[in-house]
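Novice: Structure file run_16.cif (mmCIF, C-alpha atoms) is given on the next line.
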```
data_run
#
loop_
_atom_site.label_atom_id
_atom_site.label_comp_id
_atom_site.auth_asym_id
_atom_site.auth_seq_id
_atom_site.Cartn_x
_atom_site.Cartn_y
_atom_site.Cartn_z
CA MET A 8 50.87 -9.65 111.60
CA ALA A 9 50.19 -6.62 109.41
CA LYS A 10 49.60 -7.31 105.74
CA GLU A 11 52.04 -6.04 103.15
CA HIS A 12 50.84 -2.96 101.24
CA ILE A 13 51.65 -2.93 97.52
CA GLU A 14 51.12 -0.08 95.06
CA LYS A 15 50.05 -0.89 91.50
CA ASP A 16 48.92 1.12 88.50
CA ILE A 17 46.15 -1.36 87.72
CA VAL A 18 44.61 -4.23 89.69
CA ILE A 19 42.59 -6.67 87.60
CA ILE A 20 40.12 -8.88 89.44
CA GLY A 21 39.71 -12.13 87.52
CA ALA A 22 42.00 -14.14 85.24
CA GLY A 23 39.67 -15.33 82.52
CA MET A 24 39.70 -14.22 78.89
CA ALA A 25 38.73 -10.62 79.71
CA GLY A 26 41.09 -10.22 82.66
CA LEU A 27 44.12 -11.74 80.94
CA THR A 28 43.52 -9.72 77.78
CA ALA A 29 43.39 -6.56 79.90
CA ALA A 30 46.62 -7.65 81.61
CA LEU A 31 48.31 -8.23 78.26
CA TYR A 32 47.47 -4.72 77.06
CA ALA A 33 48.24 -3.06 80.39
CA GLY A 34 51.60 -4.82 80.56
CA ARG A 35 52.48 -3.72 77.02
CA MET A 36 51.84 -0.12 78.10
CA ASN A 37 54.42 -0.51 80.89
CA LEU A 38 51.80 -0.25 83.62
CA ARG A 39 52.43 -2.00 86.91
CA THR A 40 49.73 -4.63 86.55
CA GLN A 41 48.45 -7.10 89.14
CA VAL A 42 45.93 -9.83 88.30
CA LEU A 43 44.11 -11.50 91.19
CA GLU A 44 42.24 -14.79 90.80
CA ASN A 45 40.41 -16.58 93.61
CA SER A 46 40.81 -19.99 91.97
CA LEU A 47 42.43 -21.32 88.79
CA VAL A 48 43.60 -19.02 86.02
CA GLY A 49 41.29 -19.23 83.03
CA GLY A 50 37.82 -19.29 84.53
CA GLN A 51 35.13 -21.36 82.84
CA ILE A 52 36.79 -21.34 79.43
CA ALA A 53 39.80 -23.27 80.75
CA THR A 54 37.58 -26.36 80.97
CA ALA A 55 36.43 -26.21 77.33
CA SER A 56 37.70 -29.17 75.36
CA ASP A 57 37.36 -27.81 71.81
CA ILE A 58 36.94 -24.16 70.85
CA GLU A 59 36.11 -23.66 67.18
CA ASN A 60 34.79 -20.07 67.16
CA PHE A 61 37.80 -18.04 68.27
CA PRO A 62 39.37 -16.15 65.35
CA GLY A 63 42.71 -17.47 64.17
CA PHE A 64 42.27 -21.02 65.48
CA GLU A 65 40.49 -23.77 63.59
CA ARG A 66 40.30 -25.70 66.86
CA ILE A 67 41.98 -25.20 70.22
CA SER A 68 41.36 -26.34 73.80
CA GLY A 69 40.43 -23.81 76.43
CA MET A 70 43.46 -24.76 78.51
CA GLU A 71 45.84 -24.18 75.59
CA LEU A 72 44.25 -20.86 74.64
CA ILE A 73 44.31 -19.54 78.20
CA GLY A 74 47.83 -20.86 78.78
CA THR A 75 49.11 -18.93 75.77
CA LEU A 76 47.34 -15.75 76.85
CA GLU A 77 48.66 -16.06 80.41
CA LYS A 78 52.20 -16.44 79.06
CA GLN A 79 51.75 -13.36 76.85
CA ALA A 80 50.54 -11.26 79.80
CA LYS A 81 53.45 -12.37 81.98
CA ASN A 82 55.94 -11.70 79.17
CA PHE A 83 54.86 -8.07 79.28
CA GLY A 84 55.30 -7.83 83.03
CA ALA A 85 51.85 -8.54 84.43
CA GLU A 86 51.91 -10.36 87.76
CA ILE A 87 49.28 -13.04 88.24
CA ASP A 88 48.34 -14.39 91.66
CA GLU A 89 46.10 -17.44 92.02
CA PHE A 90 44.28 -18.65 95.14
CA ASP A 91 44.80 -15.47 97.20
CA ARG A 92 41.16 -14.85 98.00
CA ILE A 93 39.95 -11.26 97.89
CA GLU A 94 38.39 -10.29 101.21
CA ARG A 95 37.21 -6.76 100.46
CA VAL A 96 37.41 -3.91 98.00
CA ASP A 97 36.97 -0.16 98.50
CA LEU A 98 36.37 1.32 95.06
CA LYS A 99 35.44 4.82 96.23
CA SER A 100 38.58 5.56 98.25
CA THR A 101 41.73 7.28 96.96
CA PRO A 102 43.66 5.16 96.20
CA LYS A 103 41.29 2.26 95.68
CA ILE A 104 41.86 -0.74 97.96
CA VAL A 105 41.81 -4.42 97.09
CA GLU A 106 42.59 -6.57 100.13
CA THR A 107 43.34 -10.27 99.86
CA GLU A 108 44.07 -12.84 102.54
CA THR A 109 47.77 -11.93 102.48
CA ARG A 110 48.17 -8.43 100.95
CA VAL A 111 46.60 -5.01 100.54
CA TYR A 112 46.84 -3.50 97.05
CA GLU A 113 46.56 0.26 96.55
CA THR A 114 45.74 1.40 93.03
CA PRO A 115 44.08 4.22 91.08
CA VAL A 116 42.48 1.75 88.64
CA VAL A 117 40.52 -1.46 89.13
CA ILE A 118 39.32 -3.59 86.22
CA ILE A 119 36.64 -6.05 87.31
CA ALA A 120 36.62 -9.22 85.21
CA SER A 121 35.39 -11.70 87.80
CA GLY A 122 33.11 -13.58 85.42
CA MET A 123 30.36 -15.99 86.37
CA ASN A 124 29.89 -19.37 88.08
CA ARG A 125 27.64 -22.21 87.09
CA ARG A 126 24.30 -22.48 88.87
CA LYS A 127 24.08 -25.34 91.33
CA LEU A 128 21.67 -28.21 90.92
CA PRO A 129 18.56 -26.94 92.79
CA LEU A 130 17.98 -30.01 94.93
CA PRO A 131 18.51 -30.21 98.71
CA GLU A 132 20.63 -33.34 98.41
CA GLU A 133 23.11 -31.70 95.99
CA PRO A 134 25.80 -31.07 98.67
CA HIS A 135 25.77 -34.76 99.65
CA TYR A 136 26.52 -35.89 96.09
CA PHE A 137 28.85 -33.06 95.09
CA ASN A 138 31.96 -34.68 93.54
CA ARG A 139 30.35 -38.04 94.30
CA GLY A 140 28.27 -38.14 91.15
CA VAL A 141 27.28 -34.48 90.80
CA HIS A 142 29.80 -32.41 88.84
CA TYR A 143 30.14 -29.03 87.14
CA CYS A 144 33.31 -29.52 85.08
CA GLU A 145 33.21 -32.12 82.34
CA LEU A 146 36.86 -31.61 81.39
CA CYS A 147 37.98 -32.03 85.00
CA ASP A 148 35.85 -35.03 85.95
CA GLY A 149 34.52 -36.65 82.79
CA HIS A 150 37.38 -39.12 82.46
CA THR A 151 36.49 -40.71 85.82
CA TYR A 152 33.31 -42.13 84.25
CA GLN A 153 34.84 -44.28 81.53
CA ASP A 154 32.23 -46.80 80.33
CA LYS A 155 29.71 -45.50 82.85
CA ILE A 156 26.22 -44.04 82.47
CA ILE A 157 26.52 -40.26 82.32
CA THR A 158 23.72 -37.71 82.44
CA VAL A 159 23.91 -34.03 81.52
CA MET A 160 21.38 -31.47 82.74
CA GLY A 161 20.69 -28.38 80.64
CA GLY A 162 19.66 -27.27 77.18
CA GLY A 163 21.97 -24.45 76.11
CA ASN A 164 25.26 -24.48 74.22
CA ALA A 165 27.26 -25.28 77.35
CA ALA A 166 25.14 -28.33 78.16
CA VAL A 167 25.04 -29.74 74.63
CA ASP A 168 28.76 -29.15 74.09
CA ALA A 169 29.47 -30.86 77.42
CA ALA A 170 27.32 -33.80 76.38
CA ASN A 171 29.11 -34.13 73.04
CA PHE A 172 32.45 -34.09 74.85
CA LEU A 173 31.39 -36.65 77.47
CA THR A 174 30.28 -39.19 74.87
CA LYS A 175 33.95 -40.16 74.47
CA TYR A 176 33.77 -41.66 77.97
CA ALA A 177 30.16 -42.72 78.39
CA LYS A 178 28.76 -46.19 77.96
CA HIS A 179 25.53 -44.30 77.41
CA LEU A 180 24.68 -40.63 77.87
CA TYR A 181 21.36 -38.98 78.68
CA LEU A 182 20.79 -35.28 78.10
CA ILE A 183 17.92 -34.10 80.31
CA HIS A 184 16.24 -30.72 79.95
CA ARG A 185 13.01 -29.26 81.31
CA SER A 186 11.99 -27.64 78.00
CA GLN A 187 13.44 -27.51 74.46
CA LEU A 188 17.10 -27.24 73.46
CA ARG A 189 18.53 -23.77 72.79
CA ALA A 190 21.98 -24.84 71.60
CA ASP A 191 23.39 -24.16 68.14
CA LYS A 192 21.98 -26.44 65.45
CA SER A 193 25.40 -27.92 64.61
CA SER A 194 25.91 -28.99 68.23
CA GLN A 195 22.41 -30.45 68.43
CA ASP A 196 22.90 -32.34 65.17
CA ALA A 197 26.11 -33.93 66.48
CA LEU A 198 24.34 -34.97 69.66
CA TYR A 199 21.31 -36.52 67.97
CA ALA A 200 23.55 -38.35 65.49
CA ASN A 201 25.43 -40.17 68.25
CA PRO A 202 23.97 -43.64 68.89
CA LYS A 203 25.19 -43.53 72.51
CA VAL A 204 22.93 -40.55 73.32
CA THR A 205 19.33 -40.30 74.50
CA VAL A 206 17.81 -36.81 74.66
CA MET A 207 15.00 -36.40 77.19
CA LEU A 208 13.12 -33.11 76.80
CA GLU A 209 10.25 -31.71 78.89
CA THR A 210 11.80 -33.65 81.77
CA GLU A 211 12.79 -32.54 85.27
CA ILE A 212 15.15 -34.16 87.76
CA THR A 213 13.28 -34.38 91.05
CA HIS A 214 15.50 -36.46 93.31
CA LEU A 215 18.98 -38.03 93.55
CA VAL A 216 19.39 -41.62 94.69
CA GLY A 217 22.31 -43.44 96.27
CA ALA A 218 24.02 -44.08 99.59
CA ASP A 219 27.63 -42.87 99.41
CA ARG A 220 27.54 -42.07 95.69
CA LEU A 221 24.95 -41.31 93.06
CA THR A 222 23.40 -44.45 91.60
CA ALA A 223 20.17 -43.16 90.06
CA ILE A 224 18.06 -40.09 89.44
CA GLU A 225 14.31 -39.71 89.67
CA LEU A 226 12.62 -37.96 86.77
CA LEU A 227 9.28 -36.30 86.07
CA HIS A 228 8.19 -36.28 82.43
CA LYS A 229 6.23 -33.03 82.29
CA ASP A 230 4.47 -33.81 79.02
CA THR A 231 2.94 -37.06 80.33
CA GLY A 232 3.06 -36.60 84.10
CA LYS A 233 4.82 -39.95 84.47
CA THR A 234 7.79 -40.53 86.80
CA GLU A 235 10.85 -42.67 86.17
CA THR A 236 13.93 -43.81 88.05
CA LEU A 237 16.96 -43.79 85.75
CA SER A 238 20.17 -45.61 86.66
CA ALA A 239 23.08 -43.16 86.41
CA ASP A 240 26.63 -42.94 87.69
CA SER A 241 26.95 -39.18 87.28
CA ILE A 242 25.24 -35.94 86.40
CA PHE A 243 27.04 -32.95 84.89
CA VAL A 244 25.07 -29.77 85.52
CA ASN A 245 24.90 -26.94 82.96
CA ILE A 246 21.83 -24.87 83.81
CA GLY A 247 23.11 -21.33 83.57
CA VAL A 248 25.42 -19.03 85.44
CA LEU A 249 25.49 -16.43 88.21
CA PRO A 250 27.62 -13.27 87.95
CA ASN A 251 30.34 -12.97 90.62
CA THR A 252 29.36 -9.58 92.01
CA ASP A 253 29.09 -10.15 95.78
CA LEU A 254 32.29 -8.16 96.42
CA PHE A 255 30.88 -5.07 94.72
CA LYS A 256 27.36 -4.86 96.10
CA GLY A 257 26.71 -1.47 97.65
CA GLN A 258 29.56 0.12 95.71
CA LEU A 259 28.55 -0.34 92.08
CA ALA A 260 25.20 -0.27 90.33
CA LEU A 261 23.98 -3.76 89.52
CA THR A 262 21.25 -4.71 87.07
CA GLU A 263 18.21 -6.79 88.01
CA SER A 264 20.09 -9.87 86.82
CA GLY A 265 23.06 -9.05 89.05
CA TYR A 266 25.48 -7.86 86.37
CA ILE A 267 27.53 -4.66 86.62
CA ALA A 268 26.27 -1.74 84.55
CA ALA A 269 28.89 -0.01 82.37
CA ASP A 270 29.02 1.98 79.15
CA GLU A 271 30.37 0.72 75.83
CA ASN A 272 33.85 1.79 76.91
CA CYS A 273 33.59 -0.51 79.97
CA ARG A 274 33.47 2.47 82.36
CA THR A 275 31.34 2.25 85.50
CA GLU A 276 29.92 5.20 87.41
CA ILE A 277 33.07 5.32 89.59
CA PRO A 278 36.04 7.01 87.84
CA GLY A 279 38.91 4.55 87.49
CA VAL A 280 36.71 1.46 87.84
CA PHE A 281 36.14 -0.56 84.67
CA VAL A 282 34.33 -3.82 84.03
CA ALA A 283 35.06 -6.42 81.36
CA GLY A 284 33.78 -9.77 80.19
CA ASP A 285 30.85 -11.87 81.33
CA ILE A 286 30.32 -9.77 84.46
CA ARG A 287 29.33 -6.73 82.38
CA GLU A 288 25.68 -6.20 81.49
CA LYS A 289 25.40 -6.83 77.74
CA GLU A 290 23.38 -8.90 75.33
CA ILE A 291 26.15 -11.11 73.94
CA HIS A 292 28.59 -13.11 76.08
CA GLN A 293 31.26 -14.79 73.96
CA LEU A 294 35.01 -15.34 74.12
CA THR A 295 35.49 -12.69 71.47
CA THR A 296 33.40 -10.12 73.34
CA ALA A 297 35.32 -10.87 76.54
CA ALA A 298 38.62 -10.27 74.76
CA SER A 299 37.20 -7.07 73.27
CA ASP A 300 36.11 -5.86 76.70
CA GLY A 301 39.54 -6.59 78.17
CA THR A 302 41.21 -4.60 75.40
CA THR A 303 38.79 -1.67 75.75
CA ALA A 304 39.02 -1.55 79.53
CA ALA A 305 42.84 -1.56 79.54
CA LEU A 306 43.15 1.16 76.89
CA HIS A 307 40.66 3.43 78.63
CA ALA A 308 42.32 2.69 81.96
CA GLU A 309 45.60 3.96 80.52
CA LYS A 310 43.88 7.14 79.33
CA TYR A 311 42.40 7.62 82.80
CA LEU A 312 45.82 7.20 84.42
CA ALA A 313 47.30 9.74 81.98
CA SER A 314 44.57 12.22 82.93
CA LEU A 315 45.54 11.94 86.59
CA LYS A 316 49.10 13.00 85.79
#
```
Could you quickly redo this structure as structure tokens?

Specialist:
Amino acid sequence: MAKEHIEKDIVIIGAGMAGLTAALYAGRMNLRTQVLENSLVGGQIATASDIENFPGFERISGMELIGTLEKQAKNFGAEIDEFDRIERVDLKSTPKIVETETRVYETPVVIIASGMNRRKLPLPEEPHYFNRGVHYCELCDGHTYQDKIITVMGGGNAAVDAANFLTKYAKHLYLIHRSQLRADKSSQDALYANPKVTVMLETEITHLVGADRLTAIELLHKDTGKTETLSADSIFVNIGVLPNTDLFKGQLALTESGYIAADENCRTEIPGVFVAGDIREKEIHQLTTAASDGTTAALHAEKYLASLK
């Protein structure tokens, strides 16, 4: 059966902070706006338990912040579609094409805000233990390990913040990192002050142990060369991210790190194609910079549409 063809003024790929902010602004400008999201609205930030660095909020959960922003975008007419996977895009055609599993969208403007995904645990047995001890979302799965031994892998802000959050469930928590911590000092201080936490630096995870579920992890202490088998019920992995750019390879210029190159006005080399948020090549990736990108991309998209008329 032929797919339905739908015309829009703007199609936004991704429903995280950048994409929803762009949708809010585009909707306010009376533009026919479609947001497409392969999975859950909100992206990675939806799983954050406590956000304390977003202006205007002393503390707010990621789910609450994203829920409010989604409601704002919808109130101004933006349509948001979850779980309709995008199969292909043609950014160089006129109009541009974004084809999902069920529909084909035709549009003069595409704003790419597809964000990033967490890197997988680089061990061959990871697929066997995925969701059976190996997890990537502490907010989603942390509560299933009440009074259990929890480990967290990683040394950045995401890992340390995840560890601090998971201490509410853990009988004991181990933070394991191959070098030194890079997280903010306040987050590190909170972690080290918790008597339920052991921080293991200069340590690598070399093997996962268990039949049907994870029961232990094997460690290599790089500073001493000694190995250790540590009993553990779970491991939450926070070892970096990968930009979601597979759809755009061959159509847009990508940097060596896989991000999309764009100018400070979020414009790519293709007229009418903008990029916003974590997917854009830039030095700082924060919630506030994602919101700024979404605003900038939408406003310049409106100017581009006006120029076509």

Novice: I'd like the contact shell of His135 in chain A - 10 Å cut-off, all atoms listed in the file, skipping same-chain residues fewer than 6 positions apart - returned as number ranges by chain.

Specialist: A: 141, 215, 217-221

Novice: For CA of Leu237 in chain A and CA of Glu132 in chain A, determine how far apart the two atoms are, in Å to one decimal place.

Specialist: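 Pair CA of Leu237 in chain A / CA of Glu132 in chain A returns 16.8 Å.
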
Novice: Residues within 8 Å of range 112-121 of chain A, please, as a PyMOL selection string. Count only C-alpha atoms; anything in the same chain fewer than 6 positions from it doesn't count.

Specialist: chain A and resi 12-23+25-26+98+101-106+250-252+279-286+304-305+308+312

Novice: Please save C-alpha atoms of the selected residues as a PDB file, in the frame of the given file.

Specialist:
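Once everything was written out, this is selection_27.pdb:
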```pdb
ATOM      1  CA  HIS A  12      50.840  -2.960 101.240  1.00  0.00           C
ATOM      2  CA  ILE A  13      51.650  -2.930  97.520  1.00  0.00           C
ATOM      3  CA  GLU A  14      51.120  -0.080  95.060  1.00  0.00           C
ATOM      4  CA  LYS A  15      50.050  -0.890  91.500  1.00  0.00           C
ATOM      5  CA  ASP A  16      48.920   1.120  88.500  1.00  0.00           C
ATOM      6  CA  ILE A  17      46.150  -1.360  87.720  1.00  0.00           C
ATOM      7  CA  VAL A  18      44.610  -4.230  89.690  1.00  0.00           C
ATOM      8  CA  ILE A  19      42.590  -6.670  87.600  1.00  0.00           C
ATOM      9  CA  ILE A  20      40.120  -8.880  89.440  1.00  0.00           C
ATOM     10  CA  GLY A  21      39.710 -12.130  87.520  1.00  0.00           C
ATOM     11  CA  ALA A  22      42.000 -14.140  85.240  1.00  0.00           C
ATOM     12  CA  GLY A  23      39.670 -15.330  82.520  1.00  0.00           C
ATOM     13  CA  ALA A  25      38.730 -10.620  79.710  1.00  0.00           C
ATOM     14  CA  GLY A  26      41.090 -10.220  82.660  1.00  0.00           C
ATOM     15  CA  LEU A  98      36.370   1.320  95.060  1.00  0.00           C
ATOM     16  CA  THR A 101      41.730   7.280  96.960  1.00  0.00           C
ATOM     17  CA  PRO A 102      43.660   5.160  96.200  1.00  0.00           C
ATOM     18  CA  LYS A 103      41.290   2.260  95.680  1.00  0.00           C
ATOM     19  CA  ILE A 104      41.860  -0.740  97.960  1.00  0.00           C
ATOM     20  CA  VAL A 105      41.810  -4.420  97.090  1.00  0.00           C
ATOM     21  CA  GLU A 106      42.590  -6.570 100.130  1.00  0.00           C
ATOM     22  CA  PRO A 250      27.620 -13.270  87.950  1.00  0.00           C
ATOM     23  CA  ASN A 251      30.340 -12.970  90.620  1.00  0.00           C
ATOM     24  CA  THR A 252      29.360  -9.580  92.010  1.00  0.00           C
ATOM     25  CA  GLY A 279      38.910   4.550  87.490  1.00  0.00           C
ATOM     26  CA  VAL A 280      36.710   1.460  87.840  1.00  0.00           C
ATOM     27  CA  PHE A 281      36.140  -0.560  84.670  1.00  0.00           C
ATOM     28  CA  VAL A 282      34.330  -3.820  84.030  1.00  0.00           C
ATOM     29  CA  ALA A 283      35.060  -6.420  81.360  1.00  0.00           C
ATOM     30  CA  GLY A 284      33.780  -9.770  80.190  1.00  0.00           C
ATOM     31  CA  ASP A 285      30.850 -11.870  81.330  1.00  0.00           C
ATOM     32  CA  ILE A 286      30.320  -9.770  84.460  1.00  0.00           C
ATOM     33  CA  ALA A 304      39.020  -1.550  79.530  1.00  0.00           C
ATOM     34  CA  ALA A 305      42.840  -1.560  79.540  1.00  0.00           C
ATOM     35  CA  ALA A 308      42.320   2.690  81.960  1.00  0.00           C
ATOM     36  CA  LEU A 312      45.820   7.200  84.420  1.00  0.00           C
TER      37      LEU A 312
END
```

Novice: Measuring atom to atom with all atoms listed in the file, identify which of A:Leu31, A:Ile277, A:Ile157, A:Ala166 is nearest to Ala223 in chain A.

Specialist: A:Ile157

Novice: May I ask for the distance between CA of Leu227 in chain A and CA of Leu208 in chain A, given in Å to one decimal place?

Specialist: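 Here the two named atoms are 10.5 Å from each other.
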
Novice: Run the PyMOL selection byres ((chain A and resi 78) around 12) on the file and write out the hits as a list in words.

Specialist: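 Taken on the displayed file, the PyMOL selection byres ((chain A and resi 78) around 12) yields the residues Leu27, Thr28, Ala30, Leu31, Gly34, Val48, Gly49, Glu71, Leu72, Ile73, Gly74, Thr75, Leu76, Glu77, Gln79, Ala80, Lys81, Asn82, Phe83, Gly84, Ala85, Glu86 and Ile87 of chain A.
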
Novice: Around the point (19.5, -31.5, 82.3) in the file's coordinates, collect all residues with an atom within 7 Å, using all atoms listed in the file, and return them as a ChimeraX atom specification.

Specialist: /A:159-162,182-185,244

Novice: Find, counting all atoms listed in the file, the residue in A:Thr222, A:Asn272, A:Ser314, A:Ser299 that gets nearest to Asp240 in chain A.

Specialist: A:Thr222

Novice: In Å, with one decimal, what is the gap from CA of Asn138 in chain A to CA of Asn201 in chain A?

Specialist: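 About the pair CA of Asn138 in chain A and CA of Asn201 in chain A: they are 26.7 Å apart.
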
Novice: Evaluated on this file, the PyMOL selection byres ((chain A and resi 8) around 12) picks out some residues - which ones are they, written as a list in words?

Specialist: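 Expected selection for the PyMOL selection byres ((chain A and resi 8) around 12) here is Ala9, Lys10, Glu11, Glu108, Thr109 and Arg110 of chain A.
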
Novice: Take the residues from that selection and write them out as a CSV table (one decimal), in the frame of the given file, keeping C-alpha atoms.

Specialist:
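Output (out.csv):
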```csv
chain,number,residue,atom,x,y,z
A,9,ALA,CA,50.2,-6.6,109.4
A,10,LYS,CA,49.6,-7.3,105.7
A,11,GLU,CA,52.0,-6.0,103.2
A,108,GLU,CA,44.1,-12.8,102.5
A,109,THR,CA,47.8,-11.9,102.5
A,110,ARG,CA,48.2,-8.4,101.0
```

Novice: I'd like the neighbourhood of Gly265 in chain A as an mmCIF file with C-alpha atoms, in the coordinates of the input, where a residue qualifies if any of its atoms comes within 8 Å (using all atoms listed in the file), though same-chain residues fewer than 2 positions away should be ignored.

Specialist:
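To be explicit, this is the file written out as result.cif:
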```
data_model
loop_
_atom_site.group_PDB
_atom_site.id
_atom_site.type_symbol
_atom_site.label_atom_id
_atom_site.label_comp_id
_atom_site.auth_asym_id
_atom_site.auth_seq_id
_atom_site.Cartn_x
_atom_site.Cartn_y
_atom_site.Cartn_z
ATOM 1 C CA LEU A 249 25.490 -16.430 88.210
ATOM 2 C CA PRO A 250 27.620 -13.270 87.950
ATOM 3 C CA THR A 252 29.360 -9.580 92.010
ATOM 4 C CA LEU A 261 23.980 -3.760 89.520
ATOM 5 C CA THR A 262 21.250 -4.710 87.070
ATOM 6 C CA GLU A 263 18.210 -6.790 88.010
ATOM 7 C CA ILE A 267 27.530 -4.660 86.620
#
```

Novice: Quick one: residues within 10 Å of His179 in chain A, only C-alpha atoms, excluding same-chain residues fewer than 5 positions away - as a PyMOL selection string?

Specialist: chain A and resi 154-158+173-174+202-205+239

Novice: Using the chain letters and numbers from the file, which residues does the PyMOL selection byres ((chain A and resi 126) around 8) grab, as a VMD selection string?

Specialist: chain A and resid 124 to 125 127 to 128 245 to 249

Novice: Please, what is the axis-aligned box for every listed atom of range 133-136 of chain A with 6 Å on each side, as centre and edge lengths in Å to one decimal, as lines of an AutoDock Vina configuration file?

Specialist:
```
center_x = 24.8
center_y = -33.5
center_z = 97.8
size_x = 15.4
size_y = 16.8
size_z = 15.7
```

Novice: Find the residue from A:Leu259, A:Glu145, A:Glu209, A:Tyr266 that sits nearest to His292 in chain A; use all atoms listed in the file when measuring.

Specialist: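 Of A:Leu259, A:Glu145, A:Glu209, A:Tyr266, the one nearest His292 in chain A is A:Tyr266, counting all atoms listed in the file.
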